[in-house]
$ cat target.csv   # CSV, C-alpha atoms and all ligand atoms
chain,number,residue,atom,x,y,z
A,5,MET,CA,-13.2,13.6,-28.2
A,6,GLN,CA,-10.2,15.8,-27.4
A,7,VAL,CA,-7.3,14.5,-25.4
A,8,PHE,CA,-5.0,16.8,-23.4
A,9,ALA,CA,-1.8,16.3,-21.5
A,10,LYS,CA,-1.3,19.9,-20.5
A,11,SER,CA,-3.4,21.5,-17.8
A,12,SER,CA,-3.3,25.0,-19.4
A,13,ASP,CA,-4.9,23.5,-22.6
A,14,VAL,CA,-7.7,21.6,-20.9
A,15,LYS,CA,-8.4,24.6,-18.7
A,16,GLU,CA,-8.8,26.8,-21.7
A,17,ILE,CA,-11.0,24.5,-23.6
A,18,ALA,CA,-13.1,23.4,-20.7
A,19,GLY,CA,-13.5,27.1,-19.7
A,20,SER,CA,-14.8,28.0,-23.2
A,21,LYS,CA,-17.6,25.4,-23.1
A,22,LYS,CA,-21.2,26.6,-22.7
A,23,GLY,CA,-23.6,25.0,-20.2
A,24,VAL,CA,-22.9,22.5,-17.5
A,25,THR,CA,-19.5,20.7,-17.5
A,26,GLY,CA,-19.6,17.3,-15.7
A,27,PHE,CA,-16.4,15.7,-14.6
A,28,VAL,CA,-15.4,12.1,-13.9
A,29,PRO,CA,-12.0,11.8,-12.3
A,30,THR,CA,-10.4,8.4,-12.7
A,31,MET,CA,-7.1,6.6,-12.4
A,32,GLY,CA,-7.7,4.7,-15.6
A,33,ALA,CA,-7.9,0.9,-16.1
A,34,LEU,CA,-11.5,1.7,-16.9
A,35,HIS,CA,-14.3,-0.8,-16.3
A,36,GLU,CA,-18.1,-0.8,-16.4
A,37,GLY,CA,-18.2,1.0,-13.1
A,38,HIS,CA,-16.3,4.0,-14.5
A,39,LEU,CA,-18.4,3.9,-17.7
A,40,SER,CA,-21.6,4.1,-15.6
A,41,LEU,CA,-20.3,7.3,-14.1
A,42,VAL,CA,-19.5,8.7,-17.6
A,43,SER,CA,-22.9,7.6,-18.9
A,44,ARG,CA,-24.7,9.3,-16.0
A,45,CYS,CA,-22.5,12.4,-16.6
A,46,ARG,CA,-23.4,12.3,-20.3
A,47,SER,CA,-27.1,12.2,-19.5
A,48,GLU,CA,-27.0,15.1,-17.1
A,49,CYS,CA,-24.4,17.5,-18.5
A,50,ASP,CA,-23.6,19.4,-21.7
A,51,THR,CA,-19.9,18.7,-21.6
A,52,VAL,CA,-18.3,15.5,-20.3
A,53,ALA,CA,-14.7,15.8,-19.0
A,54,VAL,CA,-12.8,12.8,-17.8
A,55,SER,CA,-9.3,12.6,-16.2
A,56,ILE,CA,-6.9,9.7,-16.2
A,57,PHE,CA,-4.1,10.0,-13.8
A,58,VAL,CA,-2.6,7.5,-11.4
A,59,ASN,CA,-2.0,9.8,-8.5
A,60,PRO,CA,1.2,9.0,-6.7
A,61,THR,CA,0.4,11.1,-3.6
A,62,GLN,CA,-2.5,8.9,-2.6
A,63,PHE,CA,-0.5,5.6,-2.6
A,64,ASN,CA,1.1,4.8,0.7
A,65,ASP,CA,2.4,1.6,-0.7
A,66,LYS,CA,5.0,1.9,-3.5
A,67,ASN,CA,4.3,-1.6,-4.8
A,68,ASP,CA,0.6,-0.8,-5.1
A,69,LEU,CA,1.5,2.3,-7.2
A,70,LYS,CA,3.9,0.3,-9.4
A,71,ASN,CA,1.5,-2.5,-10.0
A,72,TYR,CA,-1.6,-0.3,-10.6
A,73,PRO,CA,-2.9,-1.3,-14.0
A,74,ARG,CA,-2.3,1.3,-16.8
A,75,THR,CA,-4.2,0.9,-20.0
A,76,LEU,CA,-4.4,4.3,-21.6
A,77,GLU,CA,-5.1,3.3,-25.2
A,78,ALA,CA,-7.9,1.0,-24.2
A,79,ASP,CA,-9.3,3.6,-21.8
A,80,LEU,CA,-9.4,6.3,-24.5
A,81,ALA,CA,-11.3,3.9,-26.9
A,82,LEU,CA,-13.8,3.2,-24.2
A,83,LEU,CA,-14.3,6.9,-23.4
A,84,GLU,CA,-14.7,7.8,-27.1
A,85,GLN,CA,-17.5,5.2,-27.3
A,86,ALA,CA,-19.1,6.4,-24.1
A,87,GLY,CA,-19.3,9.9,-25.5
A,88,ALA,CA,-16.7,11.8,-23.5
A,89,ASP,CA,-15.9,15.2,-24.9
A,90,LEU,CA,-12.6,16.0,-23.1
A,91,VAL,CA,-10.0,13.7,-21.6
A,92,PHE,CA,-7.2,15.1,-19.4
A,93,ALA,CA,-4.3,12.6,-19.1
A,94,PRO,CA,-1.4,14.4,-17.6
A,95,ASP,CA,1.9,13.0,-16.5
A,96,GLU,CA,3.2,13.4,-12.9
A,97,LYS,CA,5.3,16.5,-13.7
A,98,GLU,CA,2.3,18.2,-15.2
A,99,MET,CA,0.1,17.6,-12.2
A,100,TYR,CA,2.8,18.2,-9.6
A,101,PRO,CA,5.5,20.6,-11.1
A,102,ALA,CA,6.5,21.1,-7.4
A,103,PRO,CA,5.7,18.7,-4.5
A,104,ASP,CA,2.2,19.3,-3.2
A,105,THR,CA,2.7,20.0,0.5
A,106,ARG,CA,-0.9,21.0,1.2
A,107,VAL,CA,-2.4,19.3,4.3
A,108,PHE,CA,-6.2,19.2,4.4
A,109,ASP,CA,-8.5,19.1,7.4
A,110,LEU,CA,-10.7,16.2,6.6
A,111,GLY,CA,-12.9,16.6,9.7
A,112,GLY,CA,-11.8,13.3,11.3
A,113,LEU,CA,-13.5,11.4,8.5
A,114,ASP,CA,-10.0,10.0,7.7
A,115,ASP,CA,-9.4,8.8,11.3
A,116,VAL,CA,-11.4,5.6,10.7
A,117,MET,CA,-11.4,2.5,8.4
A,118,GLU,CA,-9.1,3.2,5.4
A,119,GLY,CA,-7.5,6.2,7.1
A,120,PRO,CA,-5.2,4.5,9.7
A,121,LEU,CA,-4.5,1.6,7.4
A,122,ARG,CA,-3.4,3.9,4.5
A,123,PRO,CA,-1.6,6.9,6.1
A,124,GLY,CA,-1.7,9.9,3.8
A,125,HIS,CA,-4.1,8.3,1.3
A,126,PHE,CA,-7.0,10.7,1.8
A,127,ASN,CA,-4.8,13.8,1.9
A,128,GLY,CA,-3.4,12.7,-1.4
A,129,VAL,CA,-6.9,12.2,-2.8
A,130,ALA,CA,-7.8,15.7,-1.5
A,131,GLN,CA,-4.7,17.1,-3.2
A,132,VAL,CA,-5.4,15.7,-6.6
A,133,VAL,CA,-9.1,16.2,-6.6
A,134,THR,CA,-8.9,19.9,-5.6
A,135,ARG,CA,-6.2,20.4,-8.3
A,136,LEU,CA,-8.3,18.6,-10.9
A,137,PHE,CA,-11.3,20.7,-10.0
A,138,GLU,CA,-9.2,23.8,-10.3
A,139,ILE,CA,-8.0,22.8,-13.8
A,140,VAL,CA,-11.2,21.4,-15.3
A,141,GLY,CA,-13.6,23.8,-13.5
A,142,PRO,CA,-16.7,21.5,-13.5
A,143,GLN,CA,-20.1,22.3,-12.1
A,144,ARG,CA,-20.7,18.6,-11.3
A,145,ALA,CA,-18.4,15.8,-10.5
A,146,TYR,CA,-19.2,12.1,-10.4
A,147,PHE,CA,-17.8,9.6,-7.9
A,148,GLY,CA,-18.6,5.9,-7.3
A,149,GLU,CA,-20.1,4.8,-3.9
A,150,LYS,CA,-17.7,1.9,-3.8
A,151,ASP,CA,-15.2,4.2,-2.3
A,152,PHE,CA,-17.8,5.2,0.3
A,153,GLN,CA,-15.3,6.9,2.7
A,154,GLN,CA,-13.6,8.8,-0.2
A,155,LEU,CA,-17.0,10.1,-1.3
A,156,ALA,CA,-17.8,11.3,2.2
A,157,ILE,CA,-14.4,13.0,2.4
A,158,ILE,CA,-14.8,14.7,-1.0
A,159,ARG,CA,-18.3,16.0,0.0
A,160,HIS,CA,-16.7,17.3,3.2
A,161,LEU,CA,-13.9,19.0,1.3
A,162,VAL,CA,-16.3,20.7,-1.1
A,163,ARG,CA,-18.5,21.9,1.7
A,164,THR,CA,-15.7,23.2,3.9
A,165,LEU,CA,-13.6,24.8,1.1
A,166,GLY,CA,-16.7,26.2,-0.5
A,167,LEU,CA,-15.9,24.8,-3.9
A,168,PRO,CA,-18.5,25.5,-6.6
A,169,VAL,CA,-19.1,21.9,-7.6
A,170,GLU,CA,-21.9,19.6,-7.0
A,171,ILE,CA,-20.8,16.1,-6.0
A,172,VAL,CA,-22.9,13.2,-7.4
A,173,GLY,CA,-22.5,9.8,-5.8
A,174,CYS,CA,-23.3,6.9,-8.1
A,175,PRO,CA,-24.2,3.3,-7.2
A,176,ILE,CA,-21.7,0.5,-7.0
A,177,ARG,CA,-21.5,-1.7,-10.2
A,178,ARG,CA,-21.1,-5.4,-9.6
A,179,GLY,CA,-20.2,-8.4,-11.8
A,180,GLY,CA,-22.9,-11.1,-12.2
A,181,ASP,CA,-21.4,-12.9,-9.2
A,182,GLY,CA,-21.8,-9.8,-7.0
A,183,LEU,CA,-18.1,-8.7,-6.8
A,184,ALA,CA,-17.9,-4.9,-6.8
A,185,LEU,CA,-16.1,-3.8,-10.0
A,186,SER,CA,-12.7,-2.4,-9.3
A,187,SER,CA,-9.6,-1.9,-11.4
A,188,ARG,CA,-7.7,-3.9,-8.8
A,189,ASN,CA,-9.9,-7.0,-9.6
A,190,ALA,CA,-7.6,-7.5,-12.7
A,191,LEU,CA,-4.7,-8.1,-10.3
A,192,LEU,CA,-6.4,-11.0,-8.4
A,193,THR,CA,-5.1,-14.5,-9.0
A,194,PRO,CA,-7.8,-16.8,-10.5
A,195,ALA,CA,-8.3,-18.5,-7.1
A,196,HIS,CA,-8.7,-15.2,-5.2
A,197,ARG,CA,-11.0,-13.9,-8.0
A,198,ALA,CA,-13.1,-17.0,-7.5
A,199,ALA,CA,-13.3,-16.4,-3.7
A,200,ALA,CA,-13.9,-12.7,-3.9
A,201,PRO,CA,-17.7,-12.8,-4.5
A,202,LYS,CA,-18.1,-14.1,-1.0
A,203,ILE,CA,-17.5,-10.6,0.2
A,204,TYR,CA,-20.8,-9.3,-1.2
A,205,ALA,CA,-22.6,-12.5,-0.2
A,206,ALA,CA,-21.4,-11.8,3.4
A,207,LEU,CA,-22.6,-8.2,3.3
A,208,GLN,CA,-26.0,-9.4,2.1
A,209,LYS,CA,-26.1,-12.0,4.9
A,210,GLY,CA,-25.4,-9.1,7.3
A,211,VAL,CA,-28.3,-7.0,6.0
A,212,ALA,CA,-30.7,-10.0,6.4
A,213,MET,CA,-29.7,-10.3,10.1
A,214,MET,CA,-30.9,-6.8,10.9
A,215,PRO,CA,-32.8,-6.0,13.1
A,216,ASP,CA,-33.2,-9.3,14.9
A,217,HIS,CA,-29.5,-9.6,15.7
A,218,SER,CA,-27.4,-6.9,17.4
A,219,VAL,CA,-24.9,-4.8,15.6
A,220,ALA,CA,-22.1,-6.7,17.3
A,221,GLU,CA,-23.5,-10.1,16.3
A,222,THR,CA,-24.1,-9.0,12.8
A,223,ALA,CA,-20.6,-7.6,12.4
A,224,ARG,CA,-19.1,-10.8,13.8
A,225,ALA,CA,-21.1,-12.9,11.4
A,226,VAL,CA,-20.1,-10.9,8.4
A,227,ALA,CA,-16.4,-11.1,9.2
A,228,GLU,CA,-16.7,-14.8,10.0
A,229,ALA,CA,-18.5,-15.5,6.7
A,230,ILE,CA,-15.7,-13.8,4.8
A,231,ASP,CA,-12.9,-15.4,6.8
A,232,SER,CA,-14.4,-18.9,6.4
A,233,ASP,CA,-12.7,-18.8,3.0
A,234,PRO,CA,-8.9,-19.3,3.6
A,235,LEU,CA,-8.1,-17.0,0.7
A,236,LEU,CA,-9.8,-14.0,2.2
A,237,GLN,CA,-9.0,-12.1,5.4
A,238,THR,CA,-11.2,-9.4,6.7
A,239,GLU,CA,-9.2,-6.3,7.7
A,240,TYR,CA,-12.2,-4.5,9.1
A,241,PHE,CA,-16.0,-4.6,8.8
A,242,ASN,CA,-17.5,-1.6,10.4
A,243,LEU,CA,-21.2,-0.6,10.7
A,244,VAL,CA,-21.0,3.2,10.6
A,245,ASP,CA,-23.2,6.2,10.6
A,246,ALA,CA,-23.3,6.9,6.9
A,247,ALA,CA,-22.8,10.7,7.5
A,248,THR,CA,-20.1,10.7,10.2
A,249,LEU,CA,-18.5,7.3,9.5
A,250,ARG,CA,-18.4,6.7,13.2
A,251,SER,CA,-19.1,3.1,14.3
A,252,VAL,CA,-22.6,2.5,15.7
A,253,GLY,CA,-23.4,0.2,18.6
A,254,ALA,CA,-27.2,-0.1,17.9
A,255,TRP,CA,-29.4,0.0,14.9
A,256,ASP,CA,-31.3,3.1,16.1
A,257,GLU,CA,-28.1,5.1,16.7
A,258,ALA,CA,-28.0,6.7,13.3
A,259,PRO,CA,-30.6,7.5,10.6
A,260,ALA,CA,-28.5,5.8,7.9
A,261,ILE,CA,-26.1,2.9,8.5
A,262,GLN,CA,-23.5,1.6,6.1
A,263,GLY,CA,-21.6,-1.6,6.4
A,264,CYS,CA,-18.0,-1.0,5.1
A,265,VAL,CA,-15.5,-3.8,4.6
A,266,ALA,CA,-11.9,-4.2,3.6
A,267,VAL,CA,-10.6,-7.6,2.7
A,268,ARG,CA,-7.2,-8.9,1.9
A,269,ALA,CA,-7.2,-11.4,-1.0
A,270,GLY,CA,-3.6,-12.5,-1.4
A,271,GLU,CA,-1.6,-9.4,-2.4
A,272,ILE,CA,-4.7,-7.3,-3.2
A,273,ARG,CA,-6.9,-5.3,-0.9
A,274,LEU,CA,-10.6,-5.1,-1.9
A,275,ILE,CA,-13.2,-2.8,-0.4
A,276,ASP,CA,-16.9,-2.9,-0.6
A,277,ASN,CA,-20.0,-1.6,1.3
A,278,ILE,CA,-23.7,-1.9,1.6
A,279,ARG,CA,-26.5,0.2,3.0
A,280,PHE,CA,-28.0,-1.5,6.1
A,281,LYS,CA,-30.7,1.2,6.6
A,301,LIG,O1,-11.4,7.0,-7.0
A,301,LIG,C1,-10.3,7.1,-7.7
A,301,LIG,O2,-10.2,6.5,-8.7
A,301,LIG,C2,-9.3,8.1,-7.2
A,301,LIG,O3,-9.2,8.2,-5.9
A,301,LIG,C3,-9.6,9.6,-7.8
A,301,LIG,C4,-10.9,10.1,-7.2
A,301,LIG,C5,-9.6,9.5,-9.3
A,301,LIG,C6,-8.4,10.5,-7.3
A,301,LIG,O4,-7.2,10.0,-7.8
$ encode --input "target.csv" --output "structure tokens"
Amino acid sequence: MQVFAKSSDVKEIAGSKKGVTGFVPTMGALHEGHLSLVSRCRSECDTVAVSIFVNPTQFNDKNDLKNYPRTLEADLALLEQAGADLVFAPDEKEMYPAPDTRVFDLGGLDDVMEGPLRPGHFNGVAQVVTRLFEIVGPQRAYFGEKDFQQLAIIRHLVRTLGLPVEIVGCPIRRGGDGLALSSRNALLTPAHRAAAPKIYAALQKGVAMMPDHSVAETARAVAEAIDSDPLLQTEYFNLVDAATLRSVGAWDEAPAIQGCVAVRAGEIRLIDNIRFK
């Protein structure tokens, strides 16, 4: 496994590889969820490239950026074991030698859910992902479905910018208690960590209510189930058209409906989602 800090080096080596290069962009603090992306990439591509970069332009909260876990040595050991070929781990100056002022048209997919709550977040994701694609030049890129809105936005970007990369969405990985794996889980207090599996339990309860209960009743019940724990506060629970991310009012309003939730657990925000139909 080769590790690079300079974009010109990784560009040259990745560009010299024969066959299909698959790419897994990450912000490090790797867990089983990331490793499942690497393993899928390994099984489908000739070269596996991974990036580790905590991207400042996608953090609207300075404290969140400061506290984001950074575990480079452990990450590299995990990636070596997982069979990665190339790792790109730049510093901020390398990624952004000058401020990135690009503003992307995200087709309104950023007007809902995480968008208004985290102003600038998805534009920052678009900045870093397009730059990483440009440097690594992958034919395929792997993203987790836990960040459902991010995945929809990246698919939109690739389509509208005509980028020559196939986006592969990979299922959410969960702990034995149902909590969706996330680097932020490590920042939960023990009490919040113990409460957090109620989020997935509430999502499952919602799915079981369909179609006998209305969308509004189901949405209310999911939020109430989460908020029944005093350590959890639902920021939103939206039942959305899985393609447009627009809220639906009835079960037959969209061919595919996703339930997306954001929950505050003390200082930490957790997001999760589940397919309703
Ligand atoms: O999902 C993430 O970890 C990040 O948003 C990504 C895609 C690596 C961009 O920084």
$ residues_around --input "target.csv" --residues "Phe152 (chain A)" --least-positions-apart "5" --cutoff "12 Å" --atoms "all atoms listed in the file" --output "CSV table (one decimal) with C-alpha atoms, keeping the file's coordinate frame"
chain,number,residue,atom,x,y,z
A,113,LEU,CA,-13.5,11.4,8.5
A,114,ASP,CA,-10.0,10.0,7.7
A,117,MET,CA,-11.4,2.5,8.4
A,118,GLU,CA,-9.1,3.2,5.4
A,147,PHE,CA,-17.8,9.6,-7.9
A,157,ILE,CA,-14.4,13.0,2.4
A,158,ILE,CA,-14.8,14.7,-1.0
A,159,ARG,CA,-18.3,16.0,0.0
A,173,GLY,CA,-22.5,9.8,-5.8
A,174,CYS,CA,-23.3,6.9,-8.1
A,175,PRO,CA,-24.2,3.3,-7.2
A,176,ILE,CA,-21.7,0.5,-7.0
A,244,VAL,CA,-21.0,3.2,10.6
A,245,ASP,CA,-23.2,6.2,10.6
A,246,ALA,CA,-23.3,6.9,6.9
A,247,ALA,CA,-22.8,10.7,7.5
A,248,THR,CA,-20.1,10.7,10.2
A,249,LEU,CA,-18.5,7.3,9.5
A,261,ILE,CA,-26.1,2.9,8.5
A,262,GLN,CA,-23.5,1.6,6.1
A,263,GLY,CA,-21.6,-1.6,6.4
A,264,CYS,CA,-18.0,-1.0,5.1
A,265,VAL,CA,-15.5,-3.8,4.6
A,266,ALA,CA,-11.9,-4.2,3.6
A,275,ILE,CA,-13.2,-2.8,-0.4
A,276,ASP,CA,-16.9,-2.9,-0.6
A,277,ASN,CA,-20.0,-1.6,1.3
A,278,ILE,CA,-23.7,-1.9,1.6
A,279,ARG,CA,-26.5,0.2,3.0
$ axis_aligned_box --input "target.csv" --around "ligand LIG 301 (chain A)" --padding-each-side "5 Å" --output "JSON"
{"center_x": -9.3, "center_y": 8.5, "center_z": -7.6, "size_x": 14.2, "size_y": 14.0, "size_z": 13.4}
$ closest_atom_pairs --input "target.csv" --of "region 152-181 of chain A" --to "region 127-145 of chain A" --cutoff "10 Å" --atoms "all atoms listed in the file" --output "tab-separated table"
residue	atom	partner	partner_atom	distance
A:Gln154	CA	A:Val129	CA	8.0
A:Ile157	CA	A:Ala130	CA	8.1
A:Ile158	CA	A:Ala130	CA	7.1
A:Leu161	CA	A:Ala130	CA	7.5
A:Val162	CA	A:Thr134	CA	8.7
A:Leu165	CA	A:Thr134	CA	9.5
A:Leu167	CA	A:Phe137	CA	8.7
A:Pro168	CA	A:Gln143	CA	6.6
A:Val169	CA	A:Gln143	CA	4.6
A:Glu170	CA	A:Arg144	CA	4.6
A:Ile171	CA	A:Ala145	CA	5.1
A:Val172	CA	A:Ala145	CA	6.1
A:Gly173	CA	A:Ala145	CA	8.7
$ write_last_selection --input "target.csv" --atoms "C-alpha atoms" --output "CSV table (one decimal), in the coordinates of the input"
chain,number,residue,atom,x,y,z
A,154,GLN,CA,-13.6,8.8,-0.2
A,157,ILE,CA,-14.4,13.0,2.4
A,158,ILE,CA,-14.8,14.7,-1.0
A,161,LEU,CA,-13.9,19.0,1.3
A,162,VAL,CA,-16.3,20.7,-1.1
A,165,LEU,CA,-13.6,24.8,1.1
A,167,LEU,CA,-15.9,24.8,-3.9
A,168,PRO,CA,-18.5,25.5,-6.6
A,169,VAL,CA,-19.1,21.9,-7.6
A,170,GLU,CA,-21.9,19.6,-7.0
A,171,ILE,CA,-20.8,16.1,-6.0
A,172,VAL,CA,-22.9,13.2,-7.4
A,173,GLY,CA,-22.5,9.8,-5.8
$ atom_distance --input "target.csv" --atom1 "CA of Gly37 (chain A)" --atom2 "atom O1 of ligand LIG 301 (chain A)"
10.9 Å
$ residues_around --input "target.csv" --residues "Ala9 (chain A)" --least-positions-apart "5" --cutoff "7 Å" --atoms "only C-alpha atoms" --output "ChimeraX atom specification"
/A:92-94
$ closest_residue --input "target.csv" --among "A:Leu185, A:Val14, A:Leu110, A:Val252" --to "Arg163 (chain A)" --atoms "only C-alpha atoms"
A:Leu110
$ atom_distance --input "target.csv" --atom1 "CA of Val116 (chain A)" --atom2 "CA of Asp181 (chain A)"
29.0 Å
$ residues_around --input "target.csv" --residues "Leu69 (chain A)" --least-positions-apart "3" --cutoff "12 Å" --atoms "all atoms listed in the file" --output "number ranges by chain"
A: 31, 57-66, 72-74, 125, 188
$ closest_residue --input "target.csv" --among "A:Ser40, A:Gln85, A:Thr30, A:Ser232" --to "ligand LIG 301 (chain A)" --atoms "all atoms listed in the file"
A:Thr30
$ atom_distance --input "target.csv" --atom1 "CA of Ala206 (chain A)" --atom2 "CA of Ala229 (chain A)"
5.7 Å
$ closest_residue --input "target.csv" --among "A:Asp13, A:Glu48, A:Glu271, A:Asp109" --to "Val91 (chain A)" --atoms "all atoms listed in the file"
A:Asp13
$ closest_residue --input "target.csv" --among "A:Lys70, A:Arg268, A:Arg224, A:Lys150" --to "Leu192 (chain A)" --atoms "all atoms listed in the file"
A:Arg268
$ decode --input "target.csv" --residues "region 219-228 of chain A" --atoms "all heavy atoms" --output "short mmCIF file (atom, residue, chain, number, x, y, z; two decimals), in the first residue's frame"
data_model
loop_
_atom_site.label_atom_id
_atom_site.label_comp_id
_atom_site.auth_asym_id
_atom_site.auth_seq_id
_atom_site.Cartn_x
_atom_site.Cartn_y
_atom_site.Cartn_z
N VAL A 219 -48.96 8.79 6.47
CA VAL A 219 -47.59 9.30 6.52
C VAL A 219 -47.43 10.21 7.75
O VAL A 219 -46.46 10.10 8.50
CB VAL A 219 -47.26 10.06 5.21
CG1 VAL A 219 -46.04 10.95 5.37
CG2 VAL A 219 -47.06 9.08 4.07
N ALA A 220 -48.42 11.08 7.98
CA ALA A 220 -48.31 12.03 9.11
C ALA A 220 -48.30 11.29 10.44
O ALA A 220 -47.49 11.61 11.32
CB ALA A 220 -49.47 13.03 9.04
N GLU A 221 -49.19 10.30 10.58
CA GLU A 221 -49.23 9.53 11.84
C GLU A 221 -47.92 8.79 12.07
O GLU A 221 -47.39 8.73 13.18
CB GLU A 221 -50.36 8.49 11.80
CG GLU A 221 -51.74 9.05 12.02
CD GLU A 221 -52.83 8.03 11.66
OE1 GLU A 221 -52.54 6.98 11.05
OE2 GLU A 221 -53.98 8.30 11.97
N THR A 222 -47.40 8.22 11.00
CA THR A 222 -46.16 7.45 11.11
C THR A 222 -45.01 8.37 11.50
O THR A 222 -44.21 8.05 12.39
CB THR A 222 -45.85 6.74 9.77
OG1 THR A 222 -47.00 5.98 9.41
CG2 THR A 222 -44.64 5.84 9.86
N ALA A 223 -44.95 9.52 10.84
CA ALA A 223 -43.85 10.46 11.12
C ALA A 223 -43.91 10.91 12.58
O ALA A 223 -42.88 10.99 13.27
CB ALA A 223 -43.94 11.66 10.19
N ARG A 224 -45.13 11.18 13.05
CA ARG A 224 -45.30 11.62 14.45
C ARG A 224 -44.84 10.52 15.41
O ARG A 224 -44.12 10.76 16.37
CB ARG A 224 -46.77 11.99 14.70
CG ARG A 224 -46.94 13.02 15.79
CD ARG A 224 -48.32 13.67 15.85
NE ARG A 224 -49.41 12.83 15.40
CZ ARG A 224 -50.16 13.09 14.32
NH1 ARG A 224 -49.92 14.14 13.58
NH2 ARG A 224 -51.14 12.28 13.99
N ALA A 225 -45.23 9.28 15.11
CA ALA A 225 -44.90 8.16 16.01
C ALA A 225 -43.38 7.92 16.07
O ALA A 225 -42.84 7.62 17.14
CB ALA A 225 -45.61 6.90 15.53
N VAL A 226 -42.71 8.07 14.94
CA VAL A 226 -41.25 7.86 14.93
C VAL A 226 -40.57 8.91 15.80
O VAL A 226 -39.73 8.60 16.66
CB VAL A 226 -40.70 7.88 13.48
CG1 VAL A 226 -39.17 7.91 13.48
CG2 VAL A 226 -41.21 6.68 12.69
N ALA A 227 -40.97 10.17 15.58
CA ALA A 227 -40.34 11.26 16.36
C ALA A 227 -40.65 11.09 17.85
O ALA A 227 -39.77 11.28 18.70
CB ALA A 227 -40.83 12.61 15.85
N GLU A 228 -41.89 10.69 18.17
CA GLU A 228 -42.25 10.51 19.59
C GLU A 228 -41.46 9.38 20.22
O GLU A 228 -41.04 9.47 21.37
CB GLU A 228 -43.75 10.23 19.70
CG GLU A 228 -44.58 11.51 19.68
CD GLU A 228 -46.08 11.26 19.62
OE1 GLU A 228 -46.51 10.09 19.81
OE2 GLU A 228 -46.80 12.24 19.33
#
